[in-house]
>>> print(open('structure-v2.csv').read())   # CSV, N, CA and C atoms
chain,number,residue,atom,x,y,z
V,134,MET,N,-42.3,2.1,61.2
V,134,MET,CA,-42.7,0.7,61.3
V,134,MET,C,-41.4,0.0,61.7
V,135,SER,N,-41.6,-0.9,62.6
V,135,SER,CA,-40.5,-1.7,63.2
V,135,SER,C,-40.2,-2.9,62.3
V,136,LYS,N,-39.1,-3.5,62.5
V,136,LYS,CA,-38.8,-4.7,61.7
V,136,LYS,C,-39.6,-5.9,62.3
V,137,PRO,N,-40.0,-6.8,61.4
V,137,PRO,CA,-40.8,-7.9,61.8
V,137,PRO,C,-40.0,-8.8,62.7
V,138,ASN,N,-40.7,-9.4,63.7
V,138,ASN,CA,-40.1,-10.4,64.6
V,138,ASN,C,-40.2,-11.8,64.0
V,139,VAL,N,-39.2,-12.2,63.2
V,139,VAL,CA,-39.2,-13.5,62.5
V,139,VAL,C,-38.2,-14.4,63.0
V,140,ASN,N,-38.6,-15.7,63.2
V,140,ASN,CA,-37.7,-16.7,63.6
V,140,ASN,C,-37.1,-17.4,62.4
V,141,TYR,N,-35.8,-17.2,62.1
V,141,TYR,CA,-35.2,-17.8,61.0
V,141,TYR,C,-34.6,-19.2,61.3
V,142,GLY,N,-34.9,-19.7,62.4
V,142,GLY,CA,-34.3,-21.0,62.8
V,142,GLY,C,-32.8,-21.0,62.8
V,143,GLN,N,-32.2,-21.9,62.1
V,143,GLN,CA,-30.7,-22.0,62.1
V,143,GLN,C,-30.0,-20.9,61.4
V,144,HIS,N,-30.8,-20.2,60.5
V,144,HIS,CA,-30.2,-19.1,59.7
V,144,HIS,C,-30.3,-17.8,60.4
V,145,SER,N,-29.2,-17.0,60.3
V,145,SER,CA,-29.3,-15.6,60.8
V,145,SER,C,-30.0,-14.9,59.6
V,146,LYS,N,-30.5,-13.7,59.9
V,146,LYS,CA,-31.2,-12.9,58.9
V,146,LYS,C,-30.2,-12.6,57.7
V,147,ASN,N,-29.0,-12.2,58.1
V,147,ASN,CA,-28.0,-11.9,57.0
V,147,ASN,C,-27.6,-13.1,56.2
V,148,LYS,N,-27.4,-14.2,56.8
V,148,LYS,CA,-27.0,-15.4,56.1
V,148,LYS,C,-28.2,-15.8,55.1
V,149,LEU,N,-29.4,-15.7,55.6
V,149,LEU,CA,-30.5,-16.1,54.8
V,149,LEU,C,-30.6,-15.2,53.6
V,150,LEU,N,-30.5,-13.9,53.8
V,150,LEU,CA,-30.5,-13.0,52.6
V,150,LEU,C,-29.3,-13.1,51.7
V,151,ASP,N,-28.2,-13.5,52.2
V,151,ASP,CA,-27.0,-13.7,51.4
V,151,ASP,C,-27.2,-14.8,50.4
V,152,GLU,N,-28.1,-15.7,50.6
V,152,GLU,CA,-28.3,-16.9,49.7
V,152,GLU,C,-29.1,-16.4,48.5
V,153,PHE,N,-29.7,-15.3,48.5
V,153,PHE,CA,-30.5,-14.8,47.4
V,153,PHE,C,-30.0,-13.6,46.8
V,154,PRO,N,-30.1,-13.4,45.5
V,154,PRO,CA,-29.6,-12.2,44.9
V,154,PRO,C,-30.4,-10.9,45.2
V,155,GLY,N,-31.6,-11.1,45.6
V,155,GLY,CA,-32.5,-10.0,45.9
V,155,GLY,C,-33.9,-10.4,46.2
V,156,ILE,N,-34.8,-9.5,46.3
V,156,ILE,CA,-36.2,-9.8,46.5
V,156,ILE,C,-37.0,-9.3,45.3
V,157,LEU,N,-37.9,-10.2,44.8
V,157,LEU,CA,-38.8,-9.8,43.7
V,157,LEU,C,-40.2,-9.6,44.2
V,158,ILE,N,-40.8,-8.5,44.0
V,158,ILE,CA,-42.2,-8.2,44.4
V,158,ILE,C,-43.0,-8.1,43.1
V,159,THR,N,-44.1,-8.9,43.0
V,159,THR,CA,-45.0,-8.8,41.9
V,159,THR,C,-46.2,-8.0,42.4
V,160,GLY,N,-46.7,-7.1,41.5
V,160,GLY,CA,-47.8,-6.3,42.0
V,160,GLY,C,-47.3,-5.1,42.9
V,161,GLY,N,-46.1,-4.7,42.7
V,161,GLY,CA,-45.5,-3.7,43.6
V,161,GLY,C,-46.0,-2.3,43.4
V,162,ALA,N,-46.7,-2.1,42.3
V,162,ALA,CA,-47.1,-0.7,42.0
V,162,ALA,C,-48.5,-0.4,42.7
V,163,GLY,N,-49.1,-1.3,43.2
V,163,GLY,CA,-50.4,-1.1,43.9
V,163,GLY,C,-50.2,-0.6,45.3
V,164,PHE,N,-51.3,-0.4,46.0
V,164,PHE,CA,-51.3,0.1,47.4
V,164,PHE,C,-50.5,-0.8,48.3
V,165,ILE,N,-50.9,-2.0,48.4
V,165,ILE,CA,-50.2,-2.9,49.3
V,165,ILE,C,-48.8,-3.2,48.9
V,166,GLY,N,-48.6,-3.5,47.6
V,166,GLY,CA,-47.2,-3.8,47.1
V,166,GLY,C,-46.3,-2.6,47.3
V,167,SER,N,-46.7,-1.4,47.1
V,167,SER,CA,-45.8,-0.3,47.2
V,167,SER,C,-45.4,-0.1,48.7
V,168,HIS,N,-46.3,-0.3,49.6
V,168,HIS,CA,-46.0,-0.2,51.0
V,168,HIS,C,-45.1,-1.4,51.5
V,169,LEU,N,-45.3,-2.5,50.9
V,169,LEU,CA,-44.4,-3.6,51.2
V,169,LEU,C,-43.0,-3.3,50.7
V,170,VAL,N,-42.8,-2.8,49.5
V,170,VAL,CA,-41.5,-2.4,49.0
V,170,VAL,C,-40.9,-1.4,49.8
V,171,ASP,N,-41.6,-0.3,50.3
V,171,ASP,CA,-41.0,0.7,51.2
V,171,ASP,C,-40.5,0.1,52.5
V,172,SER,N,-41.3,-0.9,53.0
V,172,SER,CA,-40.9,-1.5,54.3
V,172,SER,C,-39.7,-2.4,54.1
V,173,LEU,N,-39.6,-3.2,53.0
V,173,LEU,CA,-38.5,-4.0,52.7
V,173,LEU,C,-37.2,-3.2,52.5
V,174,LEU,N,-37.3,-2.1,51.8
V,174,LEU,CA,-36.1,-1.2,51.6
V,174,LEU,C,-35.6,-0.6,52.9
V,175,SER,N,-36.5,-0.3,53.9
V,175,SER,CA,-36.1,0.2,55.2
V,175,SER,C,-35.6,-0.9,56.1
V,176,TRP,N,-36.1,-2.1,56.0
V,176,TRP,CA,-35.7,-3.2,56.8
V,176,TRP,C,-34.4,-3.8,56.4
V,177,PHE,N,-34.2,-3.9,55.0
V,177,PHE,CA,-33.0,-4.6,54.4
V,177,PHE,C,-32.4,-3.6,53.4
V,178,PRO,N,-31.7,-2.6,53.9
V,178,PRO,CA,-31.2,-1.5,52.9
V,178,PRO,C,-30.2,-2.0,51.9
V,179,SER,N,-29.5,-3.1,52.3
V,179,SER,CA,-28.4,-3.6,51.4
V,179,SER,C,-28.9,-4.7,50.4
V,180,THR,N,-30.2,-5.0,50.5
V,180,THR,CA,-30.7,-6.1,49.6
V,180,THR,C,-31.5,-5.4,48.5
V,181,PRO,N,-31.2,-5.8,47.2
V,181,PRO,CA,-31.9,-5.3,46.1
V,181,PRO,C,-33.3,-5.7,46.1
V,182,VAL,N,-34.2,-4.8,45.8
V,182,VAL,CA,-35.7,-5.1,45.6
V,182,VAL,C,-36.1,-4.8,44.2
V,183,THR,N,-36.6,-5.8,43.5
V,183,THR,CA,-37.1,-5.6,42.1
V,183,THR,C,-38.6,-5.6,42.1
V,184,VAL,N,-39.3,-4.7,41.4
V,184,VAL,CA,-40.7,-4.7,41.3
V,184,VAL,C,-41.2,-5.0,39.9
V,185,ALA,N,-42.1,-5.9,39.8
V,185,ALA,CA,-42.8,-6.2,38.5
V,185,ALA,C,-44.3,-6.0,38.7
V,186,ASP,N,-44.9,-5.3,37.7
V,186,ASP,CA,-46.3,-5.0,37.8
V,186,ASP,C,-46.8,-4.9,36.4
V,187,ALA,N,-48.0,-5.4,36.1
V,187,ALA,CA,-48.6,-5.3,34.8
V,187,ALA,C,-49.4,-4.0,34.6
V,188,PHE,N,-49.6,-3.2,35.7
V,188,PHE,CA,-50.3,-1.9,35.6
V,188,PHE,C,-51.7,-2.1,35.1
V,189,THR,N,-52.4,-3.1,35.5
V,189,THR,CA,-53.8,-3.3,35.1
V,189,THR,C,-54.7,-3.2,36.3
V,190,TYR,N,-55.9,-2.8,36.0
V,190,TYR,CA,-56.9,-2.7,37.1
V,190,TYR,C,-57.7,-3.9,37.1
V,191,ALA,N,-57.7,-4.8,38.1
V,191,ALA,CA,-58.3,-6.1,38.1
V,191,ALA,C,-59.7,-6.1,38.8
V,192,ALA,N,-60.1,-5.0,39.4
V,192,ALA,CA,-61.3,-5.1,40.2
V,192,ALA,C,-62.6,-5.3,39.3
V,193,ASN,N,-62.6,-4.6,38.2
V,193,ASN,CA,-63.8,-4.7,37.3
V,193,ASN,C,-63.3,-4.5,35.9
V,194,PRO,N,-63.1,-5.6,35.1
V,194,PRO,CA,-62.5,-5.5,33.8
V,194,PRO,C,-63.4,-4.7,32.8
V,195,ARG,N,-64.7,-4.5,33.1
V,195,ARG,CA,-65.6,-3.8,32.2
V,195,ARG,C,-65.7,-2.3,32.7
V,196,ALA,N,-65.0,-1.9,33.6
V,196,ALA,CA,-65.1,-0.5,34.2
V,196,ALA,C,-64.9,0.5,33.1
V,197,GLU,N,-64.0,0.3,32.2
V,197,GLU,CA,-63.7,1.3,31.1
V,197,GLU,C,-64.8,1.5,30.1
V,198,THR,N,-65.6,0.4,29.9
V,198,THR,CA,-66.6,0.5,28.9
V,198,THR,C,-68.0,1.0,29.5
V,199,GLN,N,-68.1,1.0,30.8
V,199,GLN,CA,-69.4,1.5,31.4
V,199,GLN,C,-69.3,3.0,31.5
V,200,SER,N,-70.5,3.6,31.4
V,200,SER,CA,-70.6,5.1,31.5
V,200,SER,C,-70.9,5.4,32.9
>>> encode(input="structure-v2.csv", output="structure tokens")
Amino acid sequence: MSKPNVNYGQHSKNKLLDEFPGILITGGAGFIGSHLVDSLLSWFPSTPVTVADAFTYAANPRAETQS
């Protein structure tokens, strides 16, 4: 996957990322979140990426009680 073509305006990519201590991804253990984390790590290898996830299944809250 190639890097996204993003216009940062007056900021260079490195200067923009230098202003932040890292990137926080919520829901990073799911399908989309895990792929996003993989991409961010390959695009910005020197930027820390932190993942927070509740590890809950939100599609059907009654799924465990149904037979």
>>> atom_distance(input="structure-v2.csv", atom1="atom N of Gly155 in chain V", atom2="atom C of Tyr190 in chain V")
28.4 Å
>>> atom_distance(input="structure-v2.csv", atom1="CA of Gly160 in chain V", atom2="CA of Thr189 in chain V")
9.6 Å
>>> residues_around(input="structure-v2.csv", residues="range 165-174 of chain V", least_positions_apart="2", cutoff="12 Å", atoms="only C-alpha atoms", output="VMD selection string")
chain V and resid 134 to 137 155 to 163 176 to 186
